Every structure is written in C-alpha cells, then in structure tokens.
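Student: What follows is the file model-v4.txt, containing compact mmCIF, C-alpha atoms and all ligand atoms:
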```txt
# COMPACT_ATOMS: atom_id res chain seq x y z
CA MET A 1 16.55 -14.09 12.15
CA SER A 2 17.28 -12.48 8.80
CA GLU A 3 20.04 -14.95 8.04
CA ARG A 4 17.98 -17.00 5.64
CA ASP A 5 19.68 -17.18 2.29
CA GLU A 6 18.15 -17.87 -1.08
CA GLY A 7 18.54 -21.62 -0.59
CA SER A 8 16.32 -21.57 2.43
CA LEU A 9 13.52 -20.00 0.35
CA PHE A 10 13.72 -23.00 -1.98
CA ASP A 11 13.69 -25.25 1.06
CA GLY A 12 10.58 -23.42 2.18
CA VAL A 13 8.81 -24.24 -1.10
CA ARG A 14 9.71 -27.92 -0.74
CA ARG A 15 8.40 -27.99 2.81
CA PHE A 16 5.22 -26.18 1.76
CA ASN A 17 4.60 -28.84 -0.88
CA GLN A 18 5.21 -31.61 1.62
CA THR A 19 3.18 -30.24 4.50
CA ASP A 20 0.74 -27.30 4.23
CA PHE A 21 -0.21 -28.05 0.64
CA ILE A 22 -1.02 -31.64 1.50
CA GLU A 23 -2.99 -30.54 4.52
CA HIS A 24 -5.13 -28.15 2.45
CA ARG A 25 -5.20 -30.14 -0.77
CA GLU A 26 -9.00 -30.11 -1.01
CA LEU A 27 -9.12 -26.37 -0.45
CA PHE A 28 -6.60 -25.73 -3.22
CA ALA A 29 -8.60 -27.93 -5.58
CA ARG A 30 -11.76 -26.02 -4.70
CA VAL A 31 -10.27 -22.57 -5.35
CA ALA A 32 -8.15 -23.62 -8.32
CA ARG A 33 -10.43 -22.15 -10.99
CA ARG A 34 -12.12 -19.26 -9.23
CA GLN A 35 -11.84 -16.98 -6.26
CA ASP A 36 -14.65 -15.51 -4.24
CA PRO A 37 -12.91 -13.52 -1.49
CA HIS A 38 -15.08 -11.80 1.11
CA THR A 39 -12.61 -9.08 2.04
CA LEU A 40 -10.22 -6.61 0.51
CA PHE A 41 -7.34 -6.22 2.92
CA VAL A 42 -5.20 -3.10 2.52
CA GLY A 43 -2.06 -3.56 4.57
CA CYS A 44 1.48 -2.31 4.85
CA ALA A 45 4.25 -4.01 2.88
CA ASP A 46 6.10 -4.43 6.19
CA SER A 47 7.47 -7.97 6.58
CA ARG A 48 5.92 -8.28 10.03
CA VAL A 49 2.34 -7.68 8.92
CA ILE A 50 0.91 -10.96 7.64
CA PRO A 51 -2.80 -10.52 6.81
CA ASN A 52 -3.73 -14.21 6.63
CA LEU A 53 -1.87 -14.99 9.84
CA ILE A 54 -3.53 -12.33 11.98
CA THR A 55 -7.01 -13.06 10.61
CA LYS A 56 -6.62 -16.85 10.50
CA THR A 57 -7.84 -16.87 6.91
CA LEU A 58 -7.07 -19.30 4.14
CA PRO A 59 -6.38 -18.98 0.40
CA GLY A 60 -9.45 -17.59 -1.36
CA GLU A 61 -10.65 -15.40 1.51
CA LEU A 62 -8.63 -12.19 1.37
CA PHE A 63 -7.94 -10.12 -1.70
CA THR A 64 -4.86 -8.29 -0.55
CA VAL A 65 -3.07 -5.14 -1.56
CA ARG A 66 0.00 -4.18 0.40
CA ASN A 67 2.06 -1.06 -0.03
CA VAL A 68 4.34 1.16 2.01
CA GLY A 69 2.23 2.67 4.79
CA ASN A 70 -1.08 0.97 3.82
CA LEU A 71 -2.12 4.00 1.78
CA VAL A 72 -5.12 4.57 -0.46
CA PRO A 73 -4.61 7.30 -3.08
CA PHE A 74 -7.37 9.89 -3.43
CA TYR A 75 -9.67 8.97 -6.28
CA ARG A 76 -8.83 12.11 -8.22
CA GLU A 77 -5.09 11.45 -7.97
CA ALA A 78 -5.49 7.81 -8.69
CA GLU A 79 -4.30 7.73 -12.28
CA GLU A 80 -0.75 7.72 -11.03
CA TYR A 81 -1.03 4.97 -8.46
CA LEU A 82 -2.53 2.17 -10.44
CA ALA A 83 -1.17 -0.81 -8.53
CA THR A 84 -3.27 0.08 -5.51
CA THR A 85 -6.24 1.64 -7.27
CA SER A 86 -6.68 -1.22 -9.73
CA ALA A 87 -6.74 -3.68 -6.82
CA ILE A 88 -9.49 -1.64 -5.13
CA GLU A 89 -11.42 -1.34 -8.38
CA TYR A 90 -11.16 -5.04 -9.19
CA ALA A 91 -12.07 -6.13 -5.67
CA VAL A 92 -15.16 -3.92 -5.42
CA ARG A 93 -16.46 -3.91 -8.98
CA ILE A 94 -15.62 -7.38 -10.21
CA LEU A 95 -15.16 -9.58 -7.15
CA ARG A 96 -17.83 -7.68 -5.23
CA ILE A 97 -16.12 -8.17 -1.90
CA LYS A 98 -18.22 -7.46 1.18
CA ASN A 99 -15.65 -5.85 3.46
CA ILE A 100 -12.64 -3.61 3.18
CA VAL A 101 -10.10 -3.57 5.99
CA ILE A 102 -7.39 -0.94 6.11
CA CYS A 103 -4.81 -2.22 8.55
CA GLY A 104 -2.08 -0.05 10.00
CA HIS A 105 0.47 -1.29 12.48
CA SER A 106 2.89 -0.36 15.24
CA ASN A 107 6.44 0.74 14.44
CA CYS A 108 5.52 1.53 10.82
CA GLY A 109 8.57 2.76 8.94
CA GLY A 110 6.42 4.31 6.22
CA VAL A 111 4.43 6.42 8.66
CA GLY A 112 7.62 7.24 10.55
CA ALA A 113 9.14 8.54 7.33
CA LEU A 114 6.40 11.18 7.13
CA PHE A 115 8.44 13.04 9.70
CA ALA A 116 11.80 12.65 8.00
CA ASP A 117 13.29 15.70 6.26
CA ASP A 118 13.78 15.82 2.51
CA GLU A 119 17.47 15.10 2.78
CA ALA A 120 16.88 11.88 4.69
CA LEU A 121 14.52 10.76 1.94
CA SER A 122 16.70 11.87 -0.98
CA ALA A 123 17.76 8.30 -1.75
CA VAL A 124 14.13 7.13 -1.97
CA PRO A 125 12.34 9.70 -4.15
CA HIS A 126 9.53 7.33 -5.11
CA THR A 127 8.85 6.54 -1.47
CA ARG A 128 8.84 10.23 -0.65
CA ARG A 129 6.34 10.91 -3.42
CA TRP A 130 4.16 7.99 -2.39
CA LEU A 131 4.11 9.09 1.23
CA SER A 132 2.89 12.52 0.19
CA LEU A 133 -0.52 10.79 0.04
CA ALA A 134 -0.43 10.88 3.84
CA ARG A 135 0.72 14.44 4.25
CA ARG A 136 -2.44 15.36 6.14
CA VAL A 137 -1.53 12.82 8.79
CA ARG A 138 1.80 14.49 9.34
CA ASP A 139 0.20 17.94 9.40
CA ARG A 140 -2.37 16.83 11.96
CA VAL A 141 0.20 15.31 14.29
CA VAL A 142 2.51 18.31 13.95
CA ALA A 143 -0.41 20.66 14.68
CA GLU A 144 -1.16 18.72 17.86
CA GLY A 145 2.40 19.40 19.01
CA ILE A 146 2.99 16.00 20.56
CA ASP A 147 6.49 15.88 22.01
CA ASP A 148 6.64 12.30 23.17
CA PRO A 149 8.04 10.35 20.21
CA VAL A 150 6.24 7.13 21.16
CA GLU A 151 2.88 8.85 21.41
CA ARG A 152 3.53 10.70 18.17
CA GLU A 153 4.33 7.41 16.46
CA TRP A 154 1.18 5.54 17.42
CA ARG A 155 -1.03 8.56 16.89
CA ALA A 156 0.32 9.05 13.40
CA GLU A 157 -0.16 5.36 12.63
CA GLN A 158 -3.76 5.44 13.85
CA TYR A 159 -4.62 8.75 12.19
CA ASN A 160 -3.22 7.30 9.02
CA VAL A 161 -5.69 4.42 9.12
CA VAL A 162 -8.61 6.83 9.51
CA GLU A 163 -7.25 9.10 6.79
CA GLN A 164 -7.02 6.20 4.35
CA MET A 165 -10.59 5.14 5.23
CA ASN A 166 -11.63 8.64 4.19
CA HIS A 167 -9.69 8.36 0.94
CA LEU A 168 -11.49 5.12 0.21
CA VAL A 169 -14.90 6.76 0.10
CA THR A 170 -13.68 9.20 -2.55
CA TYR A 171 -14.06 6.26 -4.96
CA PRO A 172 -17.63 6.61 -6.29
CA TYR A 173 -18.30 2.88 -6.49
CA VAL A 174 -16.95 2.34 -2.96
CA LYS A 175 -19.13 5.14 -1.62
CA ASP A 176 -22.20 3.77 -3.43
CA ALA A 177 -21.72 0.22 -2.17
CA PHE A 178 -21.05 1.51 1.35
CA ARG A 179 -24.20 3.67 1.33
CA ARG A 180 -26.29 0.80 0.04
CA GLY A 181 -25.05 -1.27 2.97
CA GLU A 182 -23.36 -3.76 0.67
CA LEU A 183 -19.87 -2.98 1.87
CA SER A 184 -18.32 -2.52 5.29
CA ILE A 185 -15.20 -0.43 5.75
CA ARG A 186 -13.06 -1.16 8.81
CA GLY A 187 -9.90 0.45 10.08
CA TRP A 188 -7.55 -1.72 12.10
CA TYR A 189 -4.39 -1.13 14.05
CA TYR A 190 -2.14 -4.12 14.66
CA VAL A 191 0.41 -4.12 17.47
CA ILE A 192 3.30 -6.35 16.52
CA GLU A 193 4.69 -7.10 19.97
CA THR A 194 1.37 -8.07 21.60
CA GLY A 195 -0.57 -9.48 18.66
CA GLU A 196 -3.48 -7.21 19.52
CA VAL A 197 -5.67 -5.79 16.78
CA PHE A 198 -7.73 -2.66 17.42
CA ASP A 199 -10.83 -1.82 15.39
CA TYR A 200 -11.76 1.79 14.71
CA ASP A 201 -15.10 2.87 16.15
CA PRO A 202 -16.20 5.99 14.23
CA SER A 203 -18.86 6.86 16.84
CA LYS A 204 -16.19 7.18 19.54
CA ALA A 205 -13.38 8.19 17.17
CA GLU A 206 -11.15 5.64 18.83
CA PHE A 207 -9.66 2.23 18.29
CA VAL A 208 -11.13 -0.56 20.39
CA ARG A 209 -9.33 -3.82 21.00
CA ILE A 210 -10.84 -6.85 19.30
CA GLU A 211 -11.45 -9.39 22.07
ZN ZN B 1 4.28 -0.13 7.82
```
If you took the structure in this file and wrote it as structure tokens, what would it be?
Ligand SMILES: [Zn+2]

Tutor:
Amino acid sequence: MSERDEGSLFDGVRRFNQTDFIEHRELFARVARRQDPHTLFVGCADSRVIPNLITKTLPGELFTVRNVGNLVPFYREAEEYLATTSAIEYAVRILRIKNIVICGHSNCGGVGALFADDEALSAVPHTRRWLSLARRVRDRVVAEGIDDPVEREWRAEQYNVVEQMNHLVTYPYVKDAFRRGELSIRGWYYVIETGEVFDYDPSKAEFVRIE
C-alpha cells in the first residue's frame, strides 16, 4: 500500500488533470478567484484522515488546518504556534466561516504519544513540545486509572477533541461569534475502520454517531 514511489505521484497529477479536473471544470472556474468556505475543519495530519472525503465536500467548502493530534493552542500561548492560530484567525475574522469542526480519530499516533515517556520522544522534540498542548488530556486519563489500553486510547482521543473545543473558545473573536450564534463549534470523532463519525453532544457529554 505504501509502495508508491515519486513517479506515481506525478502519474496521479496527470490522472487528476484527465479525470477529476475535467469532471469539476465548472466548479474550479467558479472558485478560481475567490473562496467562500462555510467550515473551518481542524483535523489530524494523519494520512488516513481525509476531511473532504469523509464530509463529501468539494473545493471551496472547507478551510482546513491539519496538525499532529488536531490540536488548538490556548489563545494566550498562541504566539508560538502560528501555523494553526493564523488559520483559525483568518477563517473566523476574514472568511467569516459559519462552523468549526474539530475532528479527532481512532488510532491517533499523536494522542498515543501523550503517554510515551520522554526517552521515547527524544528524537522528536518538536512533537513532544507540541503535544504538551494536550497535557490535560493525558492527566485526565491517567487520573481515571483506565487499565485497558484500547479503552484508554479511545477515551484519550475523545477527551482530546473536547479539550481542543475548550481551547477554541479562549480566542476572543471565536467566543464572541459563538455567543452571538454566528458560529457553531462541533467536535467529531472519526473511526477509521468503520467509517463512522461521532458528533459530540455537550448536553450528554458524549459522542453520538452521525446517522
Ligand atoms: Zn492523529
């Protein structure tokens, strides 16, 4: 599956030009000079999480930021994490998107690494630093004393989504737009092997499958 070499990426571009591009030619012409996306999608950089695929959306619909672990830095710490925070700022203040989706997923290596010791992460110091933004998730799961590794994994992944939703409202302009009812904030959990997506229901504090 991962055997594709560089040449096959070039082949992919040729096939895109010959097939999908032709199919959506009018759409590309329409969005060529401006974008008006309805949603900011914050997802994991994981190769198995494909925002447009799982939402059946087309170019121009999702403004997407992907990073390891689908994290949102706290507003006060944000000066150091500009790639993610500038995307949030631009999406909300300039593009005036209507929805923000934070999407976690099953088998997330980033969330799993929250439980790795410092030595295991010594080769990836930037990743370790970045993941410190989710330290509360690790602390919560550890405090719950869950022994079953599978349960610990999915709980951490789901708690992480909720934690990042909370980080999002530390941004004053996000909070304002949310309070004015101009912005929805959703937390999703995507299960790779079943294709299911679960939507966080704050009133029940649980994820409910989208049917
Ligand atoms: Zn991930």

Student: Skipping near chain neighbours, those fewer than 6 positions away, what residues fall within 9 Å of Gly43 (chain A) using all atoms listed in the file, listed as a list in words?

Tutor: Val49, Ile50, Pro51, Thr64, Val65, Arg66, Asn67, Val68, Gly69, Asn70, Leu71, Val101, Ile102, Cys103, Gly104 and His105 of chain A

Student: Around ligand ZN 1 (chain B), out to 6 Å and counting only C-alpha atoms and all ligand atoms, which residues are there? I want them as a count of residues only.

Tutor: 7

Student: Pick out the residues sitting within 12 Å of region 56-63 of chain A, and hand them over as a PyMOL selection string; count all atoms listed in the file, and ignore anything fewer than 3 positions along from it in its own chain.

Tutor: chain A and resi 20-21+23-43+50-53+66+84+87-92+94-101

Student: Kindly give the distance, in Å, that separates CA of Ser203 (chain A) and CA of Trp188 (chain A), rounded to a single decimal.

Tutor: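 It comes out at 15.0 Å.
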
Student: If you measure from CA of Leu168 (chain A) to CA of Val72 (chain A), what distance in Å do you get, rounded to one decimal?

Tutor: 6.4 Å

Student: What separation in Å, quoted to one decimal, exists between CA of Gly187 (chain A) and CA of Val137 (chain A)?

Tutor: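 Value for the CA of Gly187 (chain A)-CA of Val137 (chain A) distance: 15.0 Å.
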
Student: Show which residues sit within 12 Å of Arg76 (chain A), as a list in words. Count all atoms listed in the file, and ignore same-chain residues fewer than 4 positions away.

Tutor: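 My reading of the contact set: Val72, Glu80, Tyr81, Leu82, Thr85, Leu133, His167, Leu168, Val169, Thr170, Tyr171 and Pro172 of chain A.
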